[in-house]
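Encoded as C-alpha cells, the structure appears first; notes follow it.
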Amino acid sequence: MKELVVVSGKGGTGKTSLVASFAALAKNKVLADCDVDAADLHLVLAPTVQHREDFSGGKIARIRSERCTACGACREVCRFDAVSEGQAFSVDPVNCEGCGVCVWNCPEEAILFEEAINGQWFISGTRYGPMVHARLGIAEENSGKLVTLVRSQAKRIAEEEERDLVIVDGSPGIGCPVIASITGADLVLVVTEPTLSGKHDMERVAELTRHFRIPAMVCVNKWDLYPAVAEEIEKNAIEQGMKVAGRVRYDKAVTKAQVVRTSVVEYTGGAITEEIKSVWRHALYGLG
Ligand code: SF4
Ligand code: SF4
C-alpha cells in the first residue's frame with residue numbers, strides 16, 4: 001500500500017481541487033482529508049458519515065467548587081492566567097494549556113484533570129470510496145495530532161480492505177500540521193502557483209521533504225498566468241532534488257465544477273483534464 005500526500009505552501013492554490021480529481025481517477029484507494037483547520041474536500045466528495053468519534057488533543061483543568069476553599073494557590077501557579085476568581089475560582093477552558101500544575105498544587109484535591117474534546121473525526125463513504133476526515137473546534141490547537149490520527153485511520157482501512165493507495169489532502173503551511181501530514185509518506189506532491197510567494201512556499205516545503213527524505217514532485221497550478229515564474233519554480237524544484245509532475249492551466253471550469261460539487265476531470269473533457277491526468281500519471285509513476 002502506498003501513500004500520496006498532496007500539499008501546498010498556503011491555502012487556495014487549487015490543491016483540494018486536484019485531490020478531488022485524483023479521487024475520481026484513482027482506482028482502489030482511501031481518501032484522507034488532513035486539512036483539519038479548513039477541511040473542504042467534503043464539499044466536492046459529499047461524504048456520508050458512517051462513524052464519528054471525539055478527538056482529544058490533551059487535558060484541561062476543572063475546579064470542583066464544592067471542594068474549593070478559595071485559597072488561591074491554583075491562580076498563583078498558573079502561568080497562563082487561566083484561573084479566575086469571580087464568585088468562585090474557575091478555569092477558563094480557552095486559556096488553559098493543560099499543563100496540570102494547578103492540579104498538583106491544590107491542597108484540597110479540588111481540581112479535576114480531564115480529557116479535553118477538541119474536535120471530531122469521521123469515517124465516511126463517498127462515491128469514490130472511503131474517506132477519513134476531521135473537524136477541529138474553533139481556536140483549537142493540536143491539529144498535528146489530529147492529522148496523524150486521520151492518516152493512521154486511513155491506512156488502517158486501506159490495509160483491512162486491501163486497497164493499494166491512500167490519497168491525503170495535506171495541511172497547508174509548513175508548521176506542525178504539515179509535518180504531521182508528510183512524515184513517512186511515499187510521495188509528496190507540492191501544488192503551487194506561479195507567483196513569488198508560491199515559489200517561496202515551494203522552496204520551504206522542499207526543505208521539509210529533503211529533511212525527512214521523502215520523494216517529492218511539484219505541480220504548478222494556473223501556470224499560464226505567469227509562465228516565466230512557472231518555469232523558474234520548476235527549475236528550482238529540480239535543483240532541489242524534486243521532480244516535475246506537470247502543469248495545470250487556469251480554467252474557469254475549476255470553479256464551475258466546485259459549484260456543482262464534482263471534480264474537474266468529471267466536469268470537462270477539456271485541455272485542463274488532460275493536464276490533470278498527466279500529473280496523475282506522473283504521480284503514480286513516482287509512487288513506483
Ligand atoms: S488551589 Fe484548590 S482550593 Fe485553592 S483556590 Fe484553587 S481549586 Fe480552590
Ligand atoms: S492546567 Fe495549567 S494552564 Fe490549565 S489552569 Fe492549571 S495551571 Fe493553568
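Each chain of the C-alpha cells is named A, B, ... in the order shown, its residues numbered from 1; ligands are numbered from 1 in display order.
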query = Would you name the residues within 6 Å of ligand 2, counting only C-alpha atoms and all ligand atoms, and put them as a PyMOL selection string?
reply = chain A and resi 60-61+78+80+82-83+91+96-102
Residues of chain A that have any atom at most 7 Å from an atom of ligand 1: could you tabulate them with the shortest-distance atom pair and the distance in Å to one decimal, using only C-alpha atoms and all ligand atoms, ordered by chain and increasing number, as a tab-separated table?
residue	atom	partner	partner_atom_place_in_ligand_line	distance
A:Ile63	CA	ligand 1	7 (S)	5.4
A:Arg67	CA	ligand 1	3 (S)	6.8
A:Cys68	CA	ligand 1	8 (Fe)	3.7
A:Thr69	CA	ligand 1	3 (S)	4.5
A:Ala70	CA	ligand 1	5 (S)	3.8
A:Cys71	CA	ligand 1	4 (Fe)	3.9
A:Gly72	CA	ligand 1	5 (S)	3.9
A:Ala73	CA	ligand 1	1 (S)	4.2
A:Cys74	CA	ligand 1	1 (S)	4.1
A:Arg75	CA	ligand 1	6 (Fe)	6.5
A:Phe89	CA	ligand 1	5 (S)	5.8
A:Cys102	CA	ligand 1	1 (S)	6.6
A:Asn105	CA	ligand 1	1 (S)	6.2
A:Cys106	CA	ligand 1	1 (S)	3.7
A:Pro107	CA	ligand 1	2 (Fe)	5.9
A:Glu108	CA	ligand 1	3 (S)	5.2
A:Glu109	CA	ligand 1	2 (Fe)	6.3
A:Ala110	CA	ligand 1	2 (Fe)	5.1
A:Ile111	CA	ligand 1	7 (S)	5.5
Generate a file of the selected residues that holds C-alpha atoms, formatted as a PDB file, in the first residue's frame.
ATOM      1  CA  ILE A  63     -12.308  23.171  39.565  1.00  0.00           C
ATOM      2  CA  ARG A  67     -14.261  21.166  47.353  1.00  0.00           C
ATOM      3  CA  CYS A  68     -12.563  24.520  46.732  1.00  0.00           C
ATOM      4  CA  THR A  69     -11.629  26.573  49.820  1.00  0.00           C
ATOM      5  CA  ALA A  70     -10.625  29.613  47.721  1.00  0.00           C
ATOM      6  CA  CYS A  71      -7.015  29.525  48.908  1.00  0.00           C
ATOM      7  CA  GLY A  72      -5.828  30.934  45.567  1.00  0.00           C
ATOM      8  CA  ALA A  73      -2.859  28.553  45.149  1.00  0.00           C
ATOM      9  CA  CYS A  74      -4.006  27.490  41.669  1.00  0.00           C
ATOM     10  CA  ARG A  75      -4.167  31.060  40.404  1.00  0.00           C
ATOM     11  CA  PHE A  89     -12.492  30.031  41.418  1.00  0.00           C
ATOM     12  CA  CYS A 102      -2.614  23.704  39.359  1.00  0.00           C
ATOM     13  CA  ASN A 105      -0.693  22.298  43.781  1.00  0.00           C
ATOM     14  CA  CYS A 106      -4.252  22.282  45.022  1.00  0.00           C
ATOM     15  CA  PRO A 107      -4.190  21.311  48.736  1.00  0.00           C
ATOM     16  CA  GLU A 108      -7.832  20.186  48.600  1.00  0.00           C
ATOM     17  CA  GLU A 109      -7.548  17.973  45.509  1.00  0.00           C
ATOM     18  CA  ALA A 110     -10.375  20.076  44.143  1.00  0.00           C
ATOM     19  CA  ILE A 111      -9.154  20.250  40.549  1.00  0.00           C
TER      20      ILE A 111
END
request  = List every residue of stretch 110-229 of chain A that DSSP, applied to the backbone of this structure, places in strand (DSSP E), and write the result as an MDAnalysis selection string.
outcome  = chainID A and resid 111:116 119:126 129:136 165:169 187:192 216:221
request  = Quick one: everything within 10 Å of stretch 234-241 of chain A, counting only C-alpha atoms, minus sequence neighbours fewer than 5 positions away in the same chain. Send it as a PyMOL selection string.
outcome  = chain A and resi 190+194+199+202-203+206-207+209-210+215-220+229+246-247
Selected residues, N, CA and C atoms, written as an mmCIF file, in the first residue's frame, please.
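Okay, part-v6.cif is ready:
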data_model
loop_
_atom_site.group_PDB
_atom_site.id
_atom_site.type_symbol
_atom_site.label_atom_id
_atom_site.label_comp_id
_atom_site.auth_asym_id
_atom_site.auth_seq_id
_atom_site.Cartn_x
_atom_site.Cartn_y
_atom_site.Cartn_z
ATOM 1 N N VAL A 190 3.751 18.677 -4.327
ATOM 2 C CA VAL A 190 3.587 20.065 -3.896
ATOM 3 C C VAL A 190 2.866 20.833 -5.000
ATOM 4 N N PRO A 194 2.186 30.110 -9.847
ATOM 5 C CA PRO A 194 3.345 30.805 -10.417
ATOM 6 C C PRO A 194 3.453 32.249 -9.919
ATOM 7 N N LYS A 199 6.605 30.484 -5.194
ATOM 8 C CA LYS A 199 7.969 29.986 -5.362
ATOM 9 C C LYS A 199 8.632 29.793 -3.994
ATOM 10 N N MET A 202 7.094 26.860 -2.157
ATOM 11 C CA MET A 202 7.583 25.582 -2.704
ATOM 12 C C MET A 202 8.963 25.266 -2.133
ATOM 13 N N GLU A 203 9.816 26.304 -2.050
ATOM 14 C CA GLU A 203 11.169 26.075 -1.528
ATOM 15 C C GLU A 203 11.133 25.615 -0.064
ATOM 16 N N ALA A 206 10.014 22.117 0.027
ATOM 17 C CA ALA A 206 11.114 21.287 -0.487
ATOM 18 C C ALA A 206 12.137 21.013 0.621
ATOM 19 N N GLU A 207 12.406 22.043 1.421
ATOM 20 C CA GLU A 207 13.336 21.869 2.547
ATOM 21 C C GLU A 207 12.832 20.780 3.496
ATOM 22 N N THR A 209 10.698 18.264 2.834
ATOM 23 C CA THR A 209 10.722 16.915 2.255
ATOM 24 C C THR A 209 12.158 16.393 2.186
ATOM 25 N N ARG A 210 13.099 17.318 1.936
ATOM 26 C CA ARG A 210 14.503 16.899 1.915
ATOM 27 C C ARG A 210 14.926 16.437 3.309
ATOM 28 N N PRO A 215 10.483 11.440 -1.162
ATOM 29 C CA PRO A 215 10.469 11.844 -2.567
ATOM 30 C C PRO A 215 9.369 12.882 -2.806
ATOM 31 N N ALA A 216 9.696 13.900 -3.604
ATOM 32 C CA ALA A 216 8.715 14.972 -3.803
ATOM 33 C C ALA A 216 8.660 15.400 -5.264
ATOM 34 N N MET A 217 7.465 15.815 -5.664
ATOM 35 C CA MET A 217 7.242 16.328 -7.019
ATOM 36 C C MET A 217 6.532 17.666 -6.907
ATOM 37 N N VAL A 218 6.651 18.459 -7.951
ATOM 38 C CA VAL A 218 5.953 19.745 -7.934
ATOM 39 C C VAL A 218 4.989 19.823 -9.117
ATOM 40 N N CYS A 219 3.875 20.505 -8.871
ATOM 41 C CA CYS A 219 2.912 20.771 -9.938
ATOM 42 C C CYS A 219 2.561 22.249 -9.865
ATOM 43 N N VAL A 220 2.819 22.985 -10.939
ATOM 44 C CA VAL A 220 2.458 24.410 -10.942
ATOM 45 C C VAL A 220 1.030 24.532 -11.463
ATOM 46 N N VAL A 229 7.492 32.558 -14.371
ATOM 47 C CA VAL A 229 7.661 32.162 -12.957
ATOM 48 C C VAL A 229 7.446 30.648 -12.815
ATOM 49 N N GLY A 246 4.138 18.041 -13.573
ATOM 50 C CA GLY A 246 3.399 18.635 -14.687
ATOM 51 C C GLY A 246 2.806 19.981 -14.310
ATOM 52 N N ARG A 247 2.109 20.554 -15.281
ATOM 53 C CA ARG A 247 1.496 21.870 -15.080
ATOM 54 C C ARG A 247 -0.002 21.762 -15.333
#
query = Using only C-alpha atoms, which of A:Gln258, A:His200, A:Arg151, A:Leu136 sits nearest A:Leu43?
reply =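 Of A:Gln258, A:His200, A:Arg151, A:Leu136, the one nearest A:Leu43 is A:Gln258, counting only C-alpha atoms.
When only C-alpha atoms are used to compute distances to A:Glu160, the closest of the residues A:Ala23, A:Leu189, A:Met1, A:Leu196 turns out to be A:Met1.
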task = Mind the document's chain letters and residue numbers, and return as a ChimeraX atom specification the residues of stretch 30-195 of chain A that DSSP labels alpha helix (DSSP H).
result = /A:41-45,73-77,101-105,143-160,176-182
Residues just named, written with C-alpha atoms as a PDB file, in the first residue's frame:
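New file selection.pdb:
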ATOM      1  CA  LEU A  41     -12.670  18.180   0.328  1.00  0.00           C
ATOM      2  CA  HIS A  42     -16.037  17.062   1.641  1.00  0.00           C
ATOM      3  CA  LEU A  43     -17.728  19.861  -0.321  1.00  0.00           C
ATOM      4  CA  VAL A  44     -16.908  18.017  -3.542  1.00  0.00           C
ATOM      5  CA  LEU A  45     -16.973  14.431  -2.289  1.00  0.00           C
ATOM      6  CA  ALA A  73      -2.859  28.553  45.149  1.00  0.00           C
ATOM      7  CA  CYS A  74      -4.006  27.490  41.669  1.00  0.00           C
ATOM      8  CA  ARG A  75      -4.167  31.060  40.404  1.00  0.00           C
ATOM      9  CA  GLU A  76      -0.692  31.770  41.757  1.00  0.00           C
ATOM     10  CA  VAL A  77       0.923  28.826  39.991  1.00  0.00           C
ATOM     11  CA  VAL A 101       0.489  22.442  37.550  1.00  0.00           C
ATOM     12  CA  CYS A 102      -2.614  23.704  39.359  1.00  0.00           C
ATOM     13  CA  VAL A 103      -3.855  20.143  39.822  1.00  0.00           C
ATOM     14  CA  TRP A 104      -0.691  19.116  41.673  1.00  0.00           C
ATOM     15  CA  ASN A 105      -0.693  22.298  43.781  1.00  0.00           C
ATOM     16  CA  SER A 143      -4.040  19.829  14.813  1.00  0.00           C
ATOM     17  CA  GLY A 144      -0.797  17.892  14.204  1.00  0.00           C
ATOM     18  CA  LYS A 145      -2.073  15.147  16.492  1.00  0.00           C
ATOM     19  CA  LEU A 146      -5.421  15.075  14.692  1.00  0.00           C
ATOM     20  CA  VAL A 147      -3.674  14.923  11.294  1.00  0.00           C
ATOM     21  CA  THR A 148      -1.647  11.919  12.477  1.00  0.00           C
ATOM     22  CA  LEU A 149      -4.841  10.234  13.648  1.00  0.00           C
ATOM     23  CA  VAL A 150      -6.642  10.825  10.315  1.00  0.00           C
ATOM     24  CA  ARG A 151      -3.701   9.385   8.361  1.00  0.00           C
ATOM     25  CA  SER A 152      -3.360   6.325  10.557  1.00  0.00           C
ATOM     26  CA  GLN A 153      -7.091   5.578  10.311  1.00  0.00           C
ATOM     27  CA  ALA A 154      -6.971   5.898   6.519  1.00  0.00           C
ATOM     28  CA  LYS A 155      -4.033   3.468   6.399  1.00  0.00           C
ATOM     29  CA  ARG A 156      -5.804   1.041   8.704  1.00  0.00           C
ATOM     30  CA  ILE A 157      -8.853   0.997   6.397  1.00  0.00           C
ATOM     31  CA  ALA A 158      -6.632   0.580   3.330  1.00  0.00           C
ATOM     32  CA  GLU A 159      -4.960  -2.440   4.927  1.00  0.00           C
ATOM     33  CA  GLU A 160      -8.205  -4.000   6.113  1.00  0.00           C
ATOM     34  CA  CYS A 176       3.423  21.135  12.752  1.00  0.00           C
ATOM     35  CA  PRO A 177       0.270  20.013  10.854  1.00  0.00           C
ATOM     36  CA  VAL A 178       2.080  19.773   7.516  1.00  0.00           C
ATOM     37  CA  ILE A 179       4.969  17.874   9.097  1.00  0.00           C
ATOM     38  CA  ALA A 180       2.384  15.502  10.574  1.00  0.00           C
ATOM     39  CA  SER A 181       0.878  15.217   7.064  1.00  0.00           C
ATOM     40  CA  ILE A 182       4.052  14.168   5.265  1.00  0.00           C
TER      41      ILE A 182
END
remark   = In terms of only C-alpha atoms, the residue from A:Cys34, A:Ala228, A:Val248, A:Val259 at minimal distance from A:Met131 is A:Cys34
request  = Go through A:Ser171, A:Ala32, A:Gly288, A:Asn221 one by one, measure the shortest atom-to-atom distance of each to A:Ile272 using only C-alpha atoms, and give the residue with the smallest value.
outcome  = A:Asn221
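Across the structure, atom CA of A:Lys2 and atom CA of A:Glu53 are spaced 25.7 Å apart.
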query = For A:Val244, which residue among A:Glu161, A:Asp186, A:Glu232, A:Asp81 is the nearest when counting only C-alpha atoms?
reply =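 Under the stated criterion, the closest residue is A:Glu232.
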ask   = Any idea what's packed within 10 Å of A:Asp251, counting only C-alpha atoms, ignoring anything in its chain fewer than 2 positions away? Could you give it as a PyMOL selection string?
value = chain A and resi 222+224+248-249+253-256+264+270-272
request  = Would you please work out which residue, of A:Glu115, A:Asp169, A:Glu85, A:Glu275, is nearest to A:Gly57 when using only C-alpha atoms?
outcome  =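 Smallest distance to A:Gly57 is found for A:Glu115.
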